[in-house]
file work05.csv (CSV, C-alpha atoms and all ligand atoms)
chain,number,residue,atom,x,y,z
A,16,MET,CA,8.3,107.6,-65.7
A,17,THR,CA,7.8,108.3,-62.0
A,18,GLN,CA,5.8,111.4,-61.1
A,19,PRO,CA,7.8,114.2,-59.4
A,20,LEU,CA,6.9,114.5,-55.7
A,21,PRO,CA,4.4,117.3,-54.9
A,22,THR,CA,5.8,120.5,-53.2
A,23,VAL,CA,4.8,120.4,-49.6
A,24,GLY,CA,4.2,123.6,-47.5
A,25,PHE,CA,4.7,123.3,-43.8
A,26,VAL,CA,3.5,125.8,-41.2
A,27,GLY,CA,4.6,125.4,-37.5
A,28,THR,CA,8.1,124.1,-36.9
A,29,GLY,CA,8.0,123.8,-33.1
A,30,ILE,CA,8.8,120.7,-31.0
A,31,MET,CA,6.6,118.4,-33.2
A,32,GLY,CA,6.6,120.2,-36.6
A,33,ALA,CA,10.4,120.5,-36.9
A,34,SER,CA,10.9,116.8,-36.7
A,35,MET,CA,7.9,115.9,-38.8
A,36,ALA,CA,8.9,118.3,-41.6
A,37,GLY,CA,12.5,116.9,-41.3
A,38,HIS,CA,11.1,113.4,-42.3
A,39,LEU,CA,9.5,115.0,-45.4
A,40,VAL,CA,12.8,116.6,-46.4
A,41,SER,CA,14.7,113.3,-45.9
A,42,ALA,CA,12.1,111.5,-48.1
A,43,GLY,CA,12.9,114.0,-50.9
A,44,TYR,CA,9.8,116.2,-50.8
A,45,PRO,CA,10.5,119.9,-51.9
A,46,LEU,CA,9.5,121.7,-48.7
A,47,HIS,CA,8.4,125.3,-48.2
A,48,VAL,CA,8.2,126.4,-44.6
A,49,PHE,CA,6.9,129.2,-42.3
A,50,ASN,CA,7.0,129.5,-38.6
A,51,ARG,CA,6.2,132.5,-36.4
A,52,THR,CA,9.7,132.4,-35.0
A,53,ARG,CA,12.0,131.9,-37.9
A,54,SER,CA,15.0,130.5,-35.8
A,55,LYS,CA,13.0,127.3,-35.1
A,56,ALA,CA,13.0,126.6,-38.9
A,57,GLU,CA,16.8,127.1,-39.4
A,58,PRO,CA,17.7,123.4,-39.2
A,59,LEU,CA,15.2,122.6,-41.9
A,60,LEU,CA,16.5,125.5,-44.1
A,61,ALA,CA,20.0,124.1,-43.6
A,62,ALA,CA,18.7,120.7,-44.8
A,63,GLY,CA,17.3,122.3,-48.0
A,64,ALA,CA,13.8,123.6,-47.2
A,65,VAL,CA,12.8,127.0,-48.6
A,66,TRP,CA,11.7,129.8,-46.3
A,67,CYS,CA,8.4,131.7,-46.9
A,68,ASP,CA,7.5,135.0,-45.2
A,69,SER,CA,4.0,134.0,-44.3
A,70,ALA,CA,1.6,131.0,-44.1
A,71,ASP,CA,-0.2,132.5,-47.2
A,72,ASP,CA,3.1,132.5,-49.1
A,73,VAL,CA,3.5,128.8,-48.2
A,74,ALA,CA,0.0,128.1,-49.6
A,75,ALA,CA,0.7,130.0,-52.8
A,76,SER,CA,3.7,127.9,-53.6
A,77,ALA,CA,2.7,124.4,-52.4
A,78,ASP,CA,0.5,121.5,-53.7
A,79,ILE,CA,-0.1,120.2,-50.2
A,80,VAL,CA,0.0,122.3,-47.0
A,81,ILE,CA,0.6,120.8,-43.6
A,82,THR,CA,0.0,122.8,-40.4
A,83,ILE,CA,0.9,121.9,-36.8
A,84,VAL,CA,0.6,125.1,-34.7
A,85,GLY,CA,-0.3,125.4,-31.0
A,86,MET,CA,-3.9,126.3,-30.1
A,87,PRO,CA,-7.3,126.3,-32.0
A,88,ALA,CA,-7.0,130.1,-32.2
A,89,ASP,CA,-3.7,129.7,-34.1
A,90,VAL,CA,-5.3,127.2,-36.5
A,91,GLU,CA,-8.2,129.7,-37.0
A,92,GLN,CA,-5.8,132.5,-37.8
A,93,VAL,CA,-3.7,130.4,-40.1
A,94,TYR,CA,-6.6,129.0,-42.1
A,95,PHE,CA,-9.0,132.0,-42.1
A,96,GLY,CA,-6.6,135.0,-41.7
A,97,THR,CA,-7.0,138.0,-39.5
A,98,ASN,CA,-10.2,140.1,-39.6
A,99,GLY,CA,-11.4,138.1,-42.5
A,100,ARG,CA,-8.3,138.8,-44.6
A,101,GLY,CA,-5.9,136.2,-45.9
A,102,GLY,CA,-5.5,132.7,-44.5
A,103,LEU,CA,-4.6,129.3,-46.1
A,104,VAL,CA,-8.1,128.6,-47.4
A,105,ALA,CA,-8.1,131.9,-49.5
A,106,ALA,CA,-4.4,131.7,-50.5
A,107,ALA,CA,-4.2,128.0,-51.5
A,108,LYS,CA,-3.8,127.1,-55.2
A,109,PRO,CA,-6.9,125.4,-56.7
A,110,GLY,CA,-6.9,121.7,-56.1
A,111,SER,CA,-4.5,121.9,-53.1
A,112,LEU,CA,-4.8,119.6,-50.1
A,113,LEU,CA,-4.8,121.2,-46.6
A,114,ILE,CA,-3.8,119.0,-43.7
A,115,ASP,CA,-4.1,120.2,-40.1
A,116,MET,CA,-2.1,118.1,-37.6
A,117,THR,CA,-2.5,120.4,-34.6
A,118,THR,CA,-4.6,119.0,-31.8
A,119,SER,CA,-7.6,121.3,-32.2
A,120,SER,CA,-11.4,121.4,-32.1
A,121,PRO,CA,-13.4,118.9,-34.2
A,122,THR,CA,-15.9,121.6,-35.0
A,123,LEU,CA,-13.1,123.9,-36.3
A,124,ALA,CA,-11.9,120.9,-38.5
A,125,GLU,CA,-15.4,120.6,-39.9
A,126,ARG,CA,-15.5,124.4,-40.7
A,127,ILE,CA,-12.2,124.2,-42.4
A,128,ALA,CA,-13.4,121.2,-44.5
A,129,GLU,CA,-16.6,123.1,-45.5
A,130,ALA,CA,-14.6,126.3,-46.5
A,131,ALA,CA,-12.0,124.2,-48.3
A,132,THR,CA,-14.7,122.3,-50.3
A,133,ALA,CA,-16.4,125.6,-51.3
A,134,ARG,CA,-13.1,126.8,-52.8
A,135,GLY,CA,-12.4,123.5,-54.6
A,136,LEU,CA,-9.7,122.4,-52.1
A,137,ALA,CA,-9.4,119.1,-50.2
A,138,SER,CA,-8.7,118.9,-46.5
A,139,VAL,CA,-7.8,116.4,-43.8
A,140,ASP,CA,-7.6,116.7,-40.0
A,141,ALA,CA,-4.8,114.5,-38.7
A,142,PRO,CA,-3.6,115.1,-35.2
A,143,VAL,CA,-0.9,112.9,-33.8
A,144,SER,CA,0.2,111.0,-30.7
A,145,GLY,CA,3.6,109.7,-29.7
A,146,GLY,CA,5.2,112.8,-28.3
A,147,ASP,CA,8.5,114.5,-29.2
A,148,VAL,CA,10.1,111.0,-29.2
A,149,GLY,CA,7.6,109.7,-31.8
A,150,ALA,CA,8.0,112.8,-33.9
A,151,ARG,CA,11.8,112.4,-33.9
A,152,ASN,CA,11.7,108.7,-34.7
A,153,GLY,CA,9.0,108.9,-37.3
A,154,THR,CA,6.8,106.5,-35.2
A,155,LEU,CA,3.8,108.7,-34.6
A,156,VAL,CA,0.2,107.5,-34.3
A,157,ILE,CA,-1.8,109.5,-36.9
A,158,MET,CA,-5.6,109.9,-36.6
A,159,ALA,CA,-7.2,111.2,-39.7
A,160,GLY,CA,-10.6,112.6,-40.7
A,161,GLY,CA,-11.7,113.6,-44.2
A,162,ASP,CA,-12.9,112.0,-47.4
A,163,GLU,CA,-11.2,109.0,-48.7
A,164,ALA,CA,-9.6,110.6,-51.8
A,165,ALA,CA,-8.1,113.4,-49.6
A,166,TYR,CA,-6.8,110.8,-47.2
A,167,ALA,CA,-5.2,108.8,-50.0
A,168,ARG,CA,-3.3,111.9,-51.2
A,169,ALA,CA,-2.1,112.5,-47.6
A,170,LEU,CA,-1.1,108.9,-46.8
A,171,PRO,CA,2.4,108.9,-48.5
A,172,LEU,CA,3.3,112.0,-46.4
A,173,PHE,CA,2.0,110.5,-43.2
A,174,GLU,CA,4.0,107.3,-43.9
A,175,THR,CA,7.2,109.3,-43.6
A,176,MET,CA,6.2,110.4,-40.0
A,177,GLY,CA,4.1,107.7,-38.5
A,178,LYS,CA,3.9,103.9,-37.9
A,179,SER,CA,0.2,103.7,-37.2
A,180,ILE,CA,-2.0,105.7,-39.5
A,181,THR,CA,-5.8,105.4,-39.5
A,182,ARG,CA,-8.7,107.2,-41.1
A,183,LEU,CA,-11.5,107.4,-38.6
A,184,GLY,CA,-14.3,108.9,-40.8
A,185,ALA,CA,-15.3,112.3,-42.2
A,186,ALA,CA,-13.9,115.7,-41.3
A,187,GLY,CA,-13.4,116.1,-37.5
A,188,ALA,CA,-13.2,112.4,-36.8
A,189,GLY,CA,-9.4,112.6,-36.4
A,190,GLN,CA,-9.8,115.3,-33.8
A,191,ARG,CA,-12.5,113.4,-32.0
A,192,CYS,CA,-10.2,110.3,-31.8
A,193,LYS,CA,-7.3,112.5,-30.6
A,194,LEU,CA,-9.6,113.9,-27.8
A,195,ALA,CA,-10.2,110.3,-26.6
A,196,ASN,CA,-6.5,109.8,-26.7
A,197,GLN,CA,-6.0,113.0,-24.6
A,198,VAL,CA,-8.6,111.8,-22.0
A,199,ALA,CA,-6.5,108.7,-21.5
A,200,VAL,CA,-3.2,110.7,-21.5
A,201,ALA,CA,-4.4,113.2,-18.9
A,202,VAL,CA,-5.9,110.6,-16.5
A,203,GLY,CA,-2.8,108.4,-17.1
A,204,MET,CA,-0.4,111.2,-16.0
A,205,VAL,CA,-2.3,111.4,-12.7
A,206,ALA,CA,-2.0,107.6,-12.3
A,207,TRP,CA,1.8,107.3,-12.5
A,208,CYS,CA,2.5,110.5,-10.5
A,209,GLU,CA,0.2,109.2,-7.8
A,210,ALA,CA,1.8,105.7,-7.9
A,211,LEU,CA,5.3,107.1,-7.6
A,212,ALA,CA,4.4,109.6,-4.8
A,213,HIS,CA,2.8,106.8,-2.9
A,214,ALA,CA,6.0,104.6,-3.3
A,215,GLU,CA,8.3,107.5,-2.2
A,216,ALA,CA,6.1,108.2,0.8
A,217,GLY,CA,6.5,104.5,1.7
A,218,GLY,CA,10.3,104.9,1.7
A,219,LEU,CA,11.0,103.2,-1.6
A,220,ASP,CA,13.4,104.4,-4.4
A,221,ALA,CA,10.9,105.9,-6.9
A,222,SER,CA,13.2,105.3,-9.9
A,223,LEU,CA,13.6,101.7,-9.0
A,224,VAL,CA,9.8,101.4,-8.6
A,225,GLN,CA,9.3,103.1,-11.9
A,226,GLN,CA,11.6,100.6,-13.6
A,227,VAL,CA,9.9,97.6,-11.9
A,228,ILE,CA,6.3,98.5,-12.5
A,229,SER,CA,6.8,99.9,-16.1
A,230,GLY,CA,7.2,96.3,-17.2
A,231,GLY,CA,3.9,95.1,-15.6
A,232,ALA,CA,0.2,95.8,-15.9
A,233,ALA,CA,0.7,99.4,-14.8
A,234,GLY,CA,3.1,100.2,-17.6
A,235,SER,CA,2.3,102.9,-20.1
A,236,TRP,CA,4.1,105.1,-22.7
A,237,ALA,CA,4.1,108.0,-20.2
A,238,MET,CA,5.4,105.9,-17.4
A,239,THR,CA,8.3,104.6,-19.5
A,240,ASN,CA,9.2,107.9,-21.3
A,241,LEU,CA,8.0,110.8,-19.0
A,242,ALA,CA,8.3,109.5,-15.4
A,243,PRO,CA,12.1,109.1,-15.6
A,244,ARG,CA,12.4,112.7,-16.8
A,245,ALA,CA,10.3,113.9,-13.9
A,246,LEU,CA,12.3,111.8,-11.4
A,247,ALA,CA,15.5,113.4,-12.8
A,248,ASP,CA,14.0,116.9,-12.3
A,249,ASP,CA,14.0,117.3,-16.0
A,250,PHE,CA,10.9,119.3,-16.8
A,251,ALA,CA,11.8,120.5,-20.3
A,252,PRO,CA,8.9,120.1,-22.7
A,253,GLY,CA,8.2,117.2,-24.7
A,254,PHE,CA,4.6,118.1,-24.4
A,255,LEU,CA,3.7,121.5,-23.0
A,256,VAL,CA,1.5,121.7,-19.8
A,257,ARG,CA,-0.5,124.6,-21.5
A,258,HIS,CA,-1.2,122.3,-24.5
A,259,LEU,CA,-2.6,119.6,-22.3
A,260,VAL,CA,-4.7,122.2,-20.5
A,261,LYS,CA,-6.0,123.2,-23.9
A,262,ASP,CA,-6.7,119.6,-24.9
A,263,ILE,CA,-8.5,118.8,-21.6
A,264,GLY,CA,-10.7,121.9,-22.2
A,265,ILE,CA,-11.6,120.8,-25.8
A,266,ALA,CA,-12.3,117.3,-24.6
A,267,ARG,CA,-14.5,118.5,-21.7
A,268,GLU,CA,-16.5,120.8,-24.1
A,269,ALA,CA,-17.1,117.8,-26.5
A,270,ALA,CA,-18.1,115.6,-23.6
A,271,ASP,CA,-20.6,118.3,-22.4
A,272,GLU,CA,-22.1,118.3,-25.9
A,273,THR,CA,-22.7,114.5,-25.8
A,274,GLY,CA,-23.7,114.5,-22.1
A,275,THR,CA,-20.8,112.2,-21.2
A,276,GLU,CA,-19.6,112.2,-17.6
A,277,LEU,CA,-15.8,112.1,-17.3
A,278,PRO,CA,-15.0,112.3,-13.5
A,279,GLY,CA,-11.3,111.2,-14.0
A,280,LEU,CA,-10.8,113.9,-16.5
A,281,MET,CA,-12.1,116.5,-14.1
A,282,VAL,CA,-9.5,115.5,-11.5
A,283,ALA,CA,-6.7,115.8,-14.1
A,284,GLU,CA,-8.2,119.2,-15.2
A,285,GLN,CA,-8.0,120.6,-11.7
A,286,LEU,CA,-4.5,119.4,-11.1
A,287,TYR,CA,-3.2,120.7,-14.5
A,288,ALA,CA,-5.0,124.0,-14.0
A,289,LEU,CA,-3.2,124.3,-10.7
A,290,LEU,CA,0.2,123.6,-12.3
A,291,ASN,CA,-0.5,125.9,-15.3
A,292,ASP,CA,-1.7,128.8,-13.0
A,293,GLY,CA,1.4,128.2,-10.8
A,294,GLY,CA,3.6,129.2,-13.7
A,295,CYS,CA,4.5,125.8,-15.2
A,296,GLY,CA,2.6,126.2,-18.5
A,297,ASP,CA,5.8,126.1,-20.6
A,298,GLU,CA,7.2,123.0,-18.9
A,299,GLY,CA,6.6,119.4,-20.0
A,300,THR,CA,3.5,117.6,-18.7
A,301,GLN,CA,5.7,115.4,-16.5
A,302,ALA,CA,6.0,118.5,-14.2
A,303,LEU,CA,2.7,117.2,-12.6
A,304,LEU,CA,5.0,115.3,-10.2
A,305,ARG,CA,6.0,118.7,-8.8
A,306,LEU,CA,2.5,119.0,-7.3
A,307,TYR,CA,2.8,115.8,-5.4
A,308,ARG,CA,6.3,116.7,-4.2
A,309,ALA,CA,5.1,120.2,-3.1
A,310,ALA,CA,2.2,118.5,-1.2
A,311,ASP,CA,4.8,116.3,0.6
A,312,ASP,CA,7.0,119.3,1.4
A,313,ALA,CA,4.0,121.1,2.8
A,314,ALA,CA,3.2,118.1,4.9
A,315,VAL,CA,6.8,117.9,6.2
A,316,SER,CA,7.2,121.7,7.1
B,1,LIG,P1,5.2,124.2,-30.1
B,1,LIG,O1,6.6,123.7,-29.9
B,1,LIG,O2,4.7,125.3,-29.4
B,1,LIG,O3,5.0,124.4,-31.7
B,1,LIG,C1,4.0,125.1,-32.3
B,1,LIG,C2,4.7,126.0,-33.4
B,1,LIG,O4,3.7,126.6,-34.1
B,1,LIG,C3,5.5,127.1,-32.7
B,1,LIG,O5,6.8,127.0,-33.3
B,1,LIG,C4,4.8,128.3,-33.0
B,1,LIG,O6,5.6,129.5,-33.3
B,1,LIG,C5,4.1,128.0,-34.3
B,1,LIG,N1,2.9,128.8,-34.5
B,1,LIG,C6,1.9,129.1,-33.7
B,1,LIG,N2,1.0,129.9,-34.3
B,1,LIG,C7,1.5,130.2,-35.5
B,1,LIG,C8,1.1,131.0,-36.5
B,1,LIG,N3,-0.1,131.7,-36.5
B,1,LIG,N4,1.8,131.1,-37.7
B,1,LIG,C9,3.0,130.4,-37.7
B,1,LIG,N5,3.5,129.6,-36.8
B,1,LIG,C10,2.7,129.5,-35.7
B,1,LIG,O7,4.2,123.0,-29.8
B,1,LIG,P2,4.3,121.4,-30.2
B,1,LIG,O8,4.7,120.7,-29.0
B,1,LIG,O9,5.1,121.2,-31.5
B,1,LIG,O10,2.8,121.1,-30.5
B,1,LIG,C11,2.1,121.5,-31.6
B,1,LIG,C12,0.7,120.9,-31.6
B,1,LIG,O11,0.8,119.5,-31.6
B,1,LIG,C13,-0.2,121.3,-30.4
B,1,LIG,O12,-1.5,121.5,-30.8
B,1,LIG,C14,0.0,120.1,-29.5
B,1,LIG,O13,-1.1,120.0,-28.6
B,1,LIG,C15,0.1,119.0,-30.4
B,1,LIG,N6,0.9,117.8,-30.0
B,1,LIG,C16,2.0,117.9,-29.3
B,1,LIG,C17,2.7,116.8,-28.9
B,1,LIG,C18,4.0,116.9,-28.1
B,1,LIG,O14,4.4,115.9,-27.5
B,1,LIG,N7,4.7,118.0,-28.1
B,1,LIG,C19,2.2,115.5,-29.2
B,1,LIG,C20,1.0,115.4,-29.9
B,1,LIG,C21,0.4,116.6,-30.3
B,1,LIG,P3,6.6,130.1,-32.2
B,1,LIG,O15,7.9,129.3,-32.4
B,1,LIG,O16,6.7,131.5,-32.5
B,1,LIG,O17,6.0,129.8,-30.8
call {"tool": "encode", "arguments": {"input": "work05.csv", "output": "structure tokens"}}
result
Amino acid sequence: MTQPLPTVGFVGTGIMGASMAGHLVSAGYPLHVFNRTRSKAEPLLAAGAVWCDSADDVAASADIVITIVGMPADVEQVYFGTNGRGGLVAAAKPGSLLIDMTTSSPTLAERIAEAATARGLASVDAPVSGGDVGARNGTLVIMAGGDEAAYARALPLFETMGKSITRLGAAGAGQRCKLANQVAVAVGMVAWCEALAHAEAGGLDASLVQQVISGGAAGSWAMTNLAPRALADDFAPGFLVRHLVKDIGIAREAADETGTELPGLMVAEQLYALLNDGGCGDEGTQALLRLYRAADDAAVS
């Protein structure tokens, strides 16, 4: 007889979480969900998921809990509660598995793992890459940290959401890999914006240039998926500017700890800080092109 699927709890049904949780429902997992703003969970509820009134209620009713919230402060609050009261670590059933898929700090992932172990729980940090498109299509890259037994329990769930799933090492290793990913993402965003601004300034059709050079050595996921949105003045998020600013900050702190110089990242950090401070934090990261266009406008006027 086949084992019934475990009940999965899901906290954070935003741009990424809603699609990822949807794949679990489609795969037949009983799903219990909570999100700060309930309306964002409605499509999942319509598909059969069960609403819980808090993250702690999710933990009390699930065998495996997945979180994908926004910032490390949100992760901290969801796992450890407010003023030392509540939180997933305290509320989870004995033997539960806690999986954080937020892009967050490696040291926080290590703290969660330590606290989970002390309560007889298992944990995995498993941030993702592939954007809103990858989440929708179930083709995410998933970077995991945690012990092998915990990873093995998480793997069937990851397989509903991702196409490339790798365990990098102990707790925190998934987050460290994701930070490397974000260094490449941030510097790469500057690269294609600069290339297209350069082409436009030279009198070329930037959309045509984007199509031509995407197929060559300069091509990247971002140039293929995000540059066309920016060129069409579509700045709706995909991936929020304020989340990339968060990731750059975590990556820089980790680099400071290891004494690694990342001059390219510092350029990206300055540009994205400018964009964020200019009121574009809730736009998609492709809004970086605005800065180059604003510079051109300033040069013309
Ligand atoms: P998002 O749309 O802002 O989703 C985050 C969700 O978490 C929101 O719906 C938010 O609630 C909810 N949330 C935050 N704190 C909560 C709490 N304490 N309790 C319950 N729910 C809470 O962001 P996203 O784009 O899905 O990104 C989520 C994470 O994945 C971020 O760490 C991001 O850096 C990372 N990531 C994003 C992408 C991407 O392309 N979007 C790709 C890879 C990784 P509200 O609805 O009330 O705001």
call {"tool": "closest_residue", "arguments": {"input": "work05.csv", "among": "A:Ala310, A:Ile127, A:Gly274, A:Ala212", "to": "A:Tyr94", "atoms": "all atoms listed in the file"}}
result
A:Ile127
call {"tool": "closest_residue", "arguments": {"input": "work05.csv", "among": "A:Gly161, A:Gly85, A:Gly149, A:Gly299", "to": "A:Lys261", "atoms": "only C-alpha atoms"}}
result
A:Gly85
call {"tool": "axis_aligned_box", "arguments": {"input": "work05.csv", "around": "stretch 211-222 of chain A", "padding_each_side": "5 Å", "output": "JSON"}}
result
{"center_x": 8.1, "center_y": 106.4, "center_z": -4.1, "size_x": 20.6, "size_y": 16.4, "size_z": 21.6}
call {"tool": "residues_near_ligand", "arguments": {"input": "work05.csv", "ligand": "ligand LIG 1 (chain B)", "cutoff": "7 Å", "atoms": "all atoms listed in the file", "output": "PyMOL selection string"}}
result
chain A and resi 26-32+49-52+55+70+83-86+89-90+92-93+116-119+142-147+253-255+258-259+262
call {"tool": "residues_around", "arguments": {"input": "work05.csv", "residues": "stretch 218-231 of chain A", "least_positions_apart": "5", "cutoff": "7 Å", "atoms": "all atoms listed in the file", "output": "mmCIF file with C-alpha atoms, in the coordinates of the input"}}
result
data_model
loop_
_atom_site.group_PDB
_atom_site.id
_atom_site.type_symbol
_atom_site.label_atom_id
_atom_site.label_comp_id
_atom_site.auth_asym_id
_atom_site.auth_seq_id
_atom_site.Cartn_x
_atom_site.Cartn_y
_atom_site.Cartn_z
ATOM 1 C CA LEU A 211 5.300 107.100 -7.600
ATOM 2 C CA MET A 238 5.400 105.900 -17.400
ATOM 3 C CA THR A 239 8.300 104.600 -19.500
ATOM 4 C CA PRO A 243 12.100 109.100 -15.600
ATOM 5 C CA LEU A 246 12.300 111.800 -11.400
#
call {"tool": "atom_distance", "arguments": {"input": "work05.csv", "atom1": "atom CA of A:Tyr44", "atom2": "atom CA of A:Leu112"}}
result
15.0 Å
call {"tool": "closest_residue", "arguments": {"input": "work05.csv", "among": "A:Asp72, A:Ala56, A:Met281, A:Ala141", "to": "A:Leu170", "atoms": "all atoms listed in the file"}}
result
A:Ala141
call {"tool": "atom_distance", "arguments": {"input": "work05.csv", "atom1": "atom CA of A:Arg53", "atom2": "atom CA of A:Trp66"}}
result
8.7 Å
call {"tool": "atom_distance", "arguments": {"input": "work05.csv", "atom1": "atom CA of A:Tyr307", "atom2": "atom CA of A:Val148"}}
result
25.4 Å
call {"tool": "closest_residue", "arguments": {"input": "work05.csv", "among": "A:Glu174, A:Glu215, A:Asp140, A:Glu272", "to": "A:Gly153", "atoms": "only C-alpha atoms"}}
result
A:Glu174
